[in-house]
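To start, the structure under review is shown below, and the notes come after it.
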Amino acid sequence: MTARSNNYIIKKGRSIATSWVYVILISAFLVSCGSKKAAIATATESNLSAKQIIRNHYRNDADFETLRGRIKIDYADDHTSQGFSVSMRMKKDEAIWLSATLSVVKVLITPDRVSFYNKLDNTYFDGDYALLNKLLGTEVNYTMVQNLLLGQSILDLKDQRFDASVSSDYYQLTPNRQQELYKLLFLLEPRNFKMAVQQLSQPEKGRILNIAYESYQQVEGIVVPDKISLEAQDGTVLTKIDLEYRSLEFNERLSFPYNIPNGFTPIELDR
């Protein structure tokens with residue numbers, strides 16, 4: 001398989017074996033009930049300030065060491081649609097491991113590197129975030145990927161000032177002064193202050209990313225997403241990805257087996 005063909009697979013997500021890797025990268029294309037948990041509201045309170053909403057959001061970050069489960073993925077773009085499942089393991093703040101059926105494709109994401117291999121065509125990618133940032137044209141890091149999967153803001157809400165309001169029974173946060181590069185909008189659930197919607201857009205380039213958390217579940221006292229829907233518009237190209245978590249288990253002893261097989265060919269990710 002030529003490098004040009006490999007680039008097409010990675011950029012368009014056309015291969016059933018590699019399109020779910022695109023799930024991890026697409027969000028960056030545009031850009032336990034312990035004592036420390038915040039009180040859970042039953043309805044939006046219009047008098048809450050942006051600082052209070054943001055503080056509660058971070059206080060309600062899922063508190064665990066490890067997570068294991070499965071993710072059902074439905075993917076669709078202008079050319080194809082497909083559905084499949086992957087196994088996921090996560091050691092919070094350290095590693096995200098994904099494996100397709102019979103380990104045909106494996107992914108290992110750490111704070112320093114992103115790596116995956118594909119046994120269907122004997123190819124692999126192994127690189128740091130500087131390479132991915134160059135490819136994607138914007139910053140992406142481990143924390144952004146982890147937060148997307150856990151219902152936390154993919155951007156640091158403490159980095160700028162926000163205006164707070166109530167919209168359709170959600171807390172709405174918009175920057176006091178929108179950035180030149182991106183327009184931002186966040187909606188948060190009133191019950192747990194987790195994300196309901198994260199929206200990033202570049203109107204001048206016709207790009208918009210909408211991440212909607214359709215529902216949340218409580219497993220072993222920990223609030224995590226149940227279903228996530230992503231829509232990315234890039235000009236006339238629309239990509240939709242739906243994620244559904246299944247069989248989640250927390251704080252089990254986990255291993256993260258990952259070795260790129262000998263003889264595999266590296267994928268060149270040129271723009």
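All residue names refer to the structure tokens as shown: chains lettered A, B, ... in order, residues numbered from 1 in each chain, ligands numbered from 1 in order.
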Please, which residues of segment 76-148 of chain A, numbered as in this document, come out helix (DSSP H, G or I) from DSSP, as an mmCIF file with N, CA, C and O atoms, in the first residue's frame?
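Final output, result-v1.cif:
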data_model
loop_
_atom_site.group_PDB
_atom_site.id
_atom_site.type_symbol
_atom_site.label_atom_id
_atom_site.label_comp_id
_atom_site.auth_asym_id
_atom_site.auth_seq_id
_atom_site.Cartn_x
_atom_site.Cartn_y
_atom_site.Cartn_z
ATOM 1 N N THR A 101 -11.219 -6.135 17.484
ATOM 2 C CA THR A 101 -11.389 -7.570 17.576
ATOM 3 C C THR A 101 -10.108 -8.303 17.202
ATOM 4 O O THR A 101 -9.466 -8.002 16.188
ATOM 5 N N LEU A 102 -9.720 -9.270 18.052
ATOM 6 C CA LEU A 102 -8.540 -10.108 17.827
ATOM 7 C C LEU A 102 -7.260 -9.282 17.706
ATOM 8 O O LEU A 102 -6.283 -9.711 17.088
ATOM 9 N N SER A 103 -7.276 -8.095 18.311
ATOM 10 C CA SER A 103 -6.108 -7.201 18.308
ATOM 11 C C SER A 103 -5.637 -6.851 16.903
ATOM 12 O O SER A 103 -4.440 -6.638 16.661
ATOM 13 N N TYR A 129 3.332 14.421 20.114
ATOM 14 C CA TYR A 129 2.255 15.363 19.834
ATOM 15 C C TYR A 129 2.708 16.515 18.944
ATOM 16 O O TYR A 129 1.878 17.126 18.265
ATOM 17 N N ALA A 130 4.004 16.806 18.921
ATOM 18 C CA ALA A 130 4.488 17.855 18.039
ATOM 19 C C ALA A 130 4.196 17.508 16.588
ATOM 20 O O ALA A 130 3.774 18.362 15.796
ATOM 21 N N LEU A 131 4.370 16.242 16.234
ATOM 22 C CA LEU A 131 4.078 15.795 14.875
ATOM 23 C C LEU A 131 2.581 15.879 14.585
ATOM 24 O O LEU A 131 2.162 16.339 13.521
ATOM 25 N N LEU A 132 1.760 15.441 15.550
ATOM 26 C CA LEU A 132 0.318 15.522 15.357
ATOM 27 C C LEU A 132 -0.154 16.969 15.271
ATOM 28 O O LEU A 132 -1.025 17.301 14.465
ATOM 29 N N ASN A 133 0.425 17.832 16.097
ATOM 30 C CA ASN A 133 0.035 19.242 16.057
ATOM 31 C C ASN A 133 0.333 19.852 14.686
ATOM 32 O O ASN A 133 -0.445 20.644 14.154
ATOM 33 N N LYS A 134 1.471 19.474 14.111
ATOM 34 C CA LYS A 134 1.824 19.957 12.781
ATOM 35 C C LYS A 134 0.850 19.433 11.741
ATOM 36 O O LYS A 134 0.410 20.155 10.844
ATOM 37 N N LEU A 135 0.488 18.157 11.877
ATOM 38 C CA LEU A 135 -0.447 17.548 10.938
ATOM 39 C C LEU A 135 -1.821 18.199 11.018
ATOM 40 O O LEU A 135 -2.438 18.518 10.013
ATOM 41 N N LEU A 136 -2.307 18.408 12.263
ATOM 42 C CA LEU A 136 -3.667 18.889 12.455
ATOM 43 C C LEU A 136 -3.794 20.398 12.372
ATOM 44 O O LEU A 136 -4.887 20.933 12.225
ATOM 45 N N TYR A 142 -2.788 14.834 25.418
ATOM 46 C CA TYR A 142 -3.429 13.693 26.075
ATOM 47 C C TYR A 142 -4.638 14.129 26.893
ATOM 48 O O TYR A 142 -5.689 13.470 26.873
ATOM 49 N N THR A 143 -4.510 15.218 27.609
ATOM 50 C CA THR A 143 -5.594 15.670 28.485
ATOM 51 C C THR A 143 -6.859 15.964 27.693
ATOM 52 O O THR A 143 -7.970 15.648 28.138
ATOM 53 N N MET A 144 -6.712 16.543 26.504
ATOM 54 C CA MET A 144 -7.880 16.844 25.677
ATOM 55 C C MET A 144 -8.619 15.564 25.298
ATOM 56 O O MET A 144 -9.849 15.508 25.348
ATOM 57 N N VAL A 145 -7.868 14.541 24.902
ATOM 58 C CA VAL A 145 -8.479 13.268 24.508
ATOM 59 C C VAL A 145 -9.186 12.631 25.697
ATOM 60 O O VAL A 145 -10.331 12.189 25.610
ATOM 61 N N GLN A 146 -8.509 12.582 26.839
ATOM 62 C CA GLN A 146 -9.090 11.976 28.042
ATOM 63 C C GLN A 146 -10.347 12.718 28.475
ATOM 64 O O GLN A 146 -11.371 12.101 28.797
ATOM 65 N N ASN A 147 -10.290 14.042 28.466
ATOM 66 C CA ASN A 147 -11.444 14.829 28.895
ATOM 67 C C ASN A 147 -12.634 14.644 27.968
ATOM 68 O O ASN A 147 -13.788 14.606 28.414
ATOM 69 N N LEU A 148 -12.387 14.556 26.672
ATOM 70 C CA LEU A 148 -13.476 14.311 25.734
ATOM 71 C C LEU A 148 -14.205 13.019 26.082
ATOM 72 O O LEU A 148 -15.431 12.958 26.086
#
DSSP on the backbone: what in segment 86-199 of chain A comes out strand (DSSP E or B), as a ChimeraX atom specification?
/A:86-91,95-99,105-109,113-118,123-128,162-167,170-175,183-188,195-199
I'd like the contact shell of Pro266 of chain A - 9 Å cut-off, only C-alpha atoms, skipping same-chain residues fewer than 4 positions apart - returned as a PyMOL selection string.
chain A and resi 117+122-126
With only C-alpha atoms as the atoms that count, which of A:Asn118, A:Arg68, A:Thr174, A:Asp74 lies nearest to Ser87 of chain A?
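Of A:Asn118, A:Arg68, A:Thr174, A:Asp74, the one nearest Ser87 of chain A, counting only C-alpha atoms, is A:Arg68.
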Against segment 239-255 of chain A, which residues of segment 48-144 of chain A fall within 7 Å? For each one I want the closest pair of atoms and the distance in Å (one decimal), counting only C-alpha atoms, rows by chain and increasing residue number, as a tab-separated table.
residue	atom	partner	partner_atom	distance
A:Phe64	CA	A:Asn251	CA	6.4
A:Glu65	CA	A:Asn251	CA	5.4
A:Thr66	CA	A:Asn251	CA	4.6
A:Leu67	CA	A:Phe250	CA	4.6
A:Arg68	CA	A:Glu249	CA	5.2
A:Gly69	CA	A:Leu248	CA	4.3
A:Arg70	CA	A:Arg246	CA	5.1
A:Ile71	CA	A:Tyr245	CA	4.7
A:Lys72	CA	A:Glu244	CA	5.0
A:Ile73	CA	A:Leu243	CA	4.8
A:Asp74	CA	A:Asp242	CA	5.1
A:Tyr75	CA	A:Ile241	CA	4.6
A:Ala76	CA	A:Lys240	CA	5.2
A:Asp77	CA	A:Thr239	CA	4.4
Mind checking which residues fall within 10 Å of Ala95 of chain A, counting only C-alpha atoms, ignoring those fewer than 5 positions away in the same chain, and posting them as a list in words?
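The contact residues come out as Thr66, Arg89, Met90, Leu108, Ile109, Thr110, Pro111, Asp112, Arg113, Val114, Tyr142, Gln146 and Phe256 of chain A.
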For all heavy atoms, I'd like the residues from the last selection saved as a CSV table (one decimal), in the first residue's frame.
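part.csv, written as the output of this step:
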chain,number,residue,atom,x,y,z
A,66,THR,N,-8.3,3.4,37.4
A,66,THR,CA,-8.4,2.7,36.1
A,66,THR,C,-9.8,2.5,35.6
A,66,THR,O,-10.7,2.5,36.5
A,66,THR,CB,-7.7,1.3,36.2
A,66,THR,OG1,-8.4,0.5,37.1
A,66,THR,CG2,-6.3,1.4,36.6
A,89,ARG,N,-9.2,0.5,27.7
A,89,ARG,CA,-8.6,0.5,29.1
A,89,ARG,C,-8.0,1.9,29.3
A,89,ARG,O,-7.4,2.4,28.4
A,89,ARG,CB,-7.6,-0.6,29.3
A,89,ARG,CG,-8.1,-2.0,29.1
A,89,ARG,CD,-7.0,-3.0,29.2
A,89,ARG,NE,-7.5,-4.4,28.9
A,89,ARG,CZ,-6.7,-5.5,28.9
A,89,ARG,NH1,-5.5,-5.4,29.2
A,89,ARG,NH2,-7.3,-6.6,28.5
A,90,MET,N,-8.2,2.4,30.5
A,90,MET,CA,-7.6,3.7,30.8
A,90,MET,C,-7.0,3.7,32.2
A,90,MET,O,-7.6,3.2,33.1
A,90,MET,CB,-8.7,4.8,30.7
A,90,MET,CG,-8.2,6.2,31.0
A,90,MET,SD,-9.6,7.4,31.1
A,90,MET,CE,-10.2,7.4,29.4
A,108,LEU,N,-2.3,3.0,21.5
A,108,LEU,CA,-1.8,3.4,22.9
A,108,LEU,C,-1.5,4.9,22.9
A,108,LEU,O,-0.7,5.3,22.1
A,108,LEU,CB,-0.6,2.6,23.3
A,108,LEU,CG,0.0,2.9,24.7
A,108,LEU,CD1,-1.1,2.5,25.7
A,108,LEU,CD2,1.3,2.2,24.9
A,109,ILE,N,-2.2,5.6,23.7
A,109,ILE,CA,-2.1,7.0,23.9
A,109,ILE,C,-1.6,7.3,25.3
A,109,ILE,O,-2.1,6.9,26.2
A,109,ILE,CB,-3.4,7.8,23.6
A,109,ILE,CG1,-4.0,7.4,22.2
A,109,ILE,CG2,-3.2,9.3,23.7
A,109,ILE,CD1,-5.4,7.9,22.0
A,110,THR,N,-0.5,8.1,25.4
A,110,THR,CA,0.1,8.5,26.6
A,110,THR,C,0.3,10.0,26.6
A,110,THR,O,0.2,10.6,25.5
A,110,THR,CB,1.5,7.8,26.9
A,110,THR,OG1,2.4,8.2,26.0
A,110,THR,CG2,1.3,6.2,26.8
A,111,PRO,N,0.7,10.6,27.7
A,111,PRO,CA,0.9,12.0,27.7
A,111,PRO,C,2.0,12.5,26.7
A,111,PRO,O,2.1,13.6,26.3
A,111,PRO,CB,1.3,12.4,29.1
A,111,PRO,CG,0.5,11.3,29.9
A,111,PRO,CD,0.6,10.1,29.1
A,112,ASP,N,2.9,11.5,26.3
A,112,ASP,CA,4.1,11.8,25.5
A,112,ASP,C,3.9,11.4,24.0
A,112,ASP,O,4.5,12.0,23.1
A,112,ASP,CB,5.3,11.2,26.0
A,112,ASP,CG,5.7,11.7,27.4
A,112,ASP,OD1,5.5,12.9,27.7
A,112,ASP,OD2,6.1,10.9,28.2
A,113,ARG,N,3.1,10.3,23.8
A,113,ARG,CA,3.1,9.8,22.4
A,113,ARG,C,1.7,9.3,22.0
A,113,ARG,O,0.9,9.0,22.9
A,113,ARG,CB,4.1,8.6,22.3
A,113,ARG,CG,5.5,9.0,22.6
A,113,ARG,CD,6.5,7.9,22.3
A,113,ARG,NE,6.7,7.7,20.9
A,113,ARG,CZ,7.4,8.5,20.1
A,113,ARG,NH1,8.0,9.5,20.7
A,113,ARG,NH2,7.6,8.3,18.9
A,114,VAL,N,1.5,9.1,20.7
A,114,VAL,CA,0.4,8.4,20.2
A,114,VAL,C,0.9,7.4,19.2
A,114,VAL,O,1.7,7.6,18.4
A,114,VAL,CB,-0.6,9.4,19.4
A,114,VAL,CG1,-1.7,8.6,18.7
A,114,VAL,CG2,-1.2,10.5,20.3
A,142,TYR,N,-2.8,14.8,25.4
A,142,TYR,CA,-3.4,13.7,26.1
A,142,TYR,C,-4.6,14.1,26.9
A,142,TYR,O,-5.7,13.5,26.9
A,142,TYR,CB,-2.4,13.0,27.0
A,142,TYR,CG,-3.0,11.8,27.8
A,142,TYR,CD1,-3.0,10.6,27.2
A,142,TYR,CD2,-3.5,12.0,29.0
A,142,TYR,CE1,-3.6,9.5,27.9
A,142,TYR,CE2,-4.1,11.0,29.8
A,142,TYR,CZ,-4.1,9.7,29.2
A,142,TYR,OH,-4.7,8.7,29.9
A,146,GLN,N,-8.5,12.6,26.8
A,146,GLN,CA,-9.1,12.0,28.0
A,146,GLN,C,-10.3,12.7,28.5
A,146,GLN,O,-11.4,12.1,28.8
A,146,GLN,CB,-8.1,12.0,29.2
A,146,GLN,CG,-8.6,11.4,30.5
A,146,GLN,CD,-7.5,11.3,31.5
A,146,GLN,OE1,-6.8,10.4,31.6
A,146,GLN,NE2,-7.4,12.4,32.4
A,256,PHE,N,-1.6,-3.1,29.9
A,256,PHE,CA,-1.7,-2.4,28.7
A,256,PHE,C,-0.8,-3.0,27.6
A,256,PHE,O,0.2,-2.3,27.3
A,256,PHE,CB,-1.4,-0.9,28.9
A,256,PHE,CG,-2.4,-0.2,29.9
A,256,PHE,CD1,-2.3,-0.4,31.2
A,256,PHE,CD2,-3.5,0.5,29.4
A,256,PHE,CE1,-3.2,0.2,32.1
A,256,PHE,CE2,-4.4,1.1,30.2
A,256,PHE,CZ,-4.3,0.9,31.6
What's the 10 Å shell around Arg55 of chain A, counting only C-alpha atoms, without same-chain residues fewer than 6 positions away, as an NGL selection string?
:A and (38 or 49 or 157-158 or 193)
Counting only C-alpha atoms, what is within 9 Å of Met195 of chain A, bar same-chain residues fewer than 3 positions away, as a compact mmCIF listing (two decimals) with N, CA and C atoms, in the first residue's frame?
# COMPACT_ATOMS: atom_id res chain seq x y z
N HIS A 57 -17.68 22.15 37.91
CA HIS A 57 -17.31 21.25 36.81
C HIS A 57 -16.05 20.47 37.15
N GLY A 151 -16.34 13.45 29.54
CA GLY A 151 -17.34 14.49 29.74
C GLY A 151 -16.82 15.74 30.39
N GLN A 152 -15.51 15.95 30.34
CA GLN A 152 -14.90 17.16 30.86
C GLN A 152 -14.57 18.10 29.70
N SER A 153 -14.39 19.37 30.00
CA SER A 153 -14.05 20.33 28.97
C SER A 153 -12.71 19.96 28.33
N PHE A 186 -20.11 26.40 25.57
CA PHE A 186 -20.21 25.23 26.44
C PHE A 186 -21.57 25.22 27.13
N LEU A 187 -22.23 24.07 27.13
CA LEU A 187 -23.43 23.85 27.93
C LEU A 187 -23.12 22.76 28.94
N LEU A 188 -23.53 22.97 30.20
CA LEU A 188 -23.23 22.01 31.26
C LEU A 188 -24.52 21.51 31.89
N GLU A 189 -24.51 20.23 32.27
CA GLU A 189 -25.65 19.61 32.93
C GLU A 189 -25.86 20.23 34.31
N ASN A 192 -24.92 17.46 37.43
CA ASN A 192 -23.58 17.00 37.77
C ASN A 192 -22.48 17.94 37.24
N GLN A 198 -20.09 20.71 23.88
CA GLN A 198 -18.88 21.50 23.66
C GLN A 198 -18.85 21.86 22.17
N ALA A 212 -21.72 16.46 21.67
CA ALA A 212 -22.93 16.42 22.50
C ALA A 212 -22.93 15.16 23.35
N TYR A 213 -23.10 15.34 24.63
CA TYR A 213 -23.19 14.20 25.56
C TYR A 213 -24.67 13.92 25.80
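Picture a line from atom CA of Phe84 of chain A to atom CA of Ala100 of chain A; it runs 8.5 Å.
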With only C-alpha atoms as the counted atoms, please give the residues lying no more than 10 Å from Gln217 of chain A, apart from itself and same-chain residues fewer than 5 positions off, as a list in words.
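Counting only the stated atoms, we get Ile222, Val223, Val224, Pro225, Asp226, Lys227 and Tyr245 of chain A.
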Selection from above, C-alpha atoms, as a PDB file, in the first residue's frame, can you write it?
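Saved file selection_24.pdb follows:
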ATOM      1  CA  ILE A 222     -18.787   7.521  39.394  1.00  0.00           C
ATOM      2  CA  VAL A 223     -20.555   9.694  36.813  1.00  0.00           C
ATOM      3  CA  VAL A 224     -19.346   9.104  33.248  1.00  0.00           C
ATOM      4  CA  PRO A 225     -20.866   9.558  29.787  1.00  0.00           C
ATOM      5  CA  ASP A 226     -23.225   6.968  28.408  1.00  0.00           C
ATOM      6  CA  LYS A 227     -23.525   8.251  24.830  1.00  0.00           C
ATOM      7  CA  TYR A 245     -20.027   2.979  26.505  1.00  0.00           C
TER       8      TYR A 245
END
Mind giving me the straight-line distance from atom CA of Leu181 of chain A to atom CA of Val166 of chain A in Å, one decimal?
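Pair atom CA of Leu181 of chain A / atom CA of Val166 of chain A returns 25.5 Å.
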Given only C-alpha atoms as the counted atoms, nearest of A:Ile154, A:Val219, A:Met88, A:Leu238 to Leu200 of chain A
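The closest residue to Leu200 of chain A is A:Ile154.
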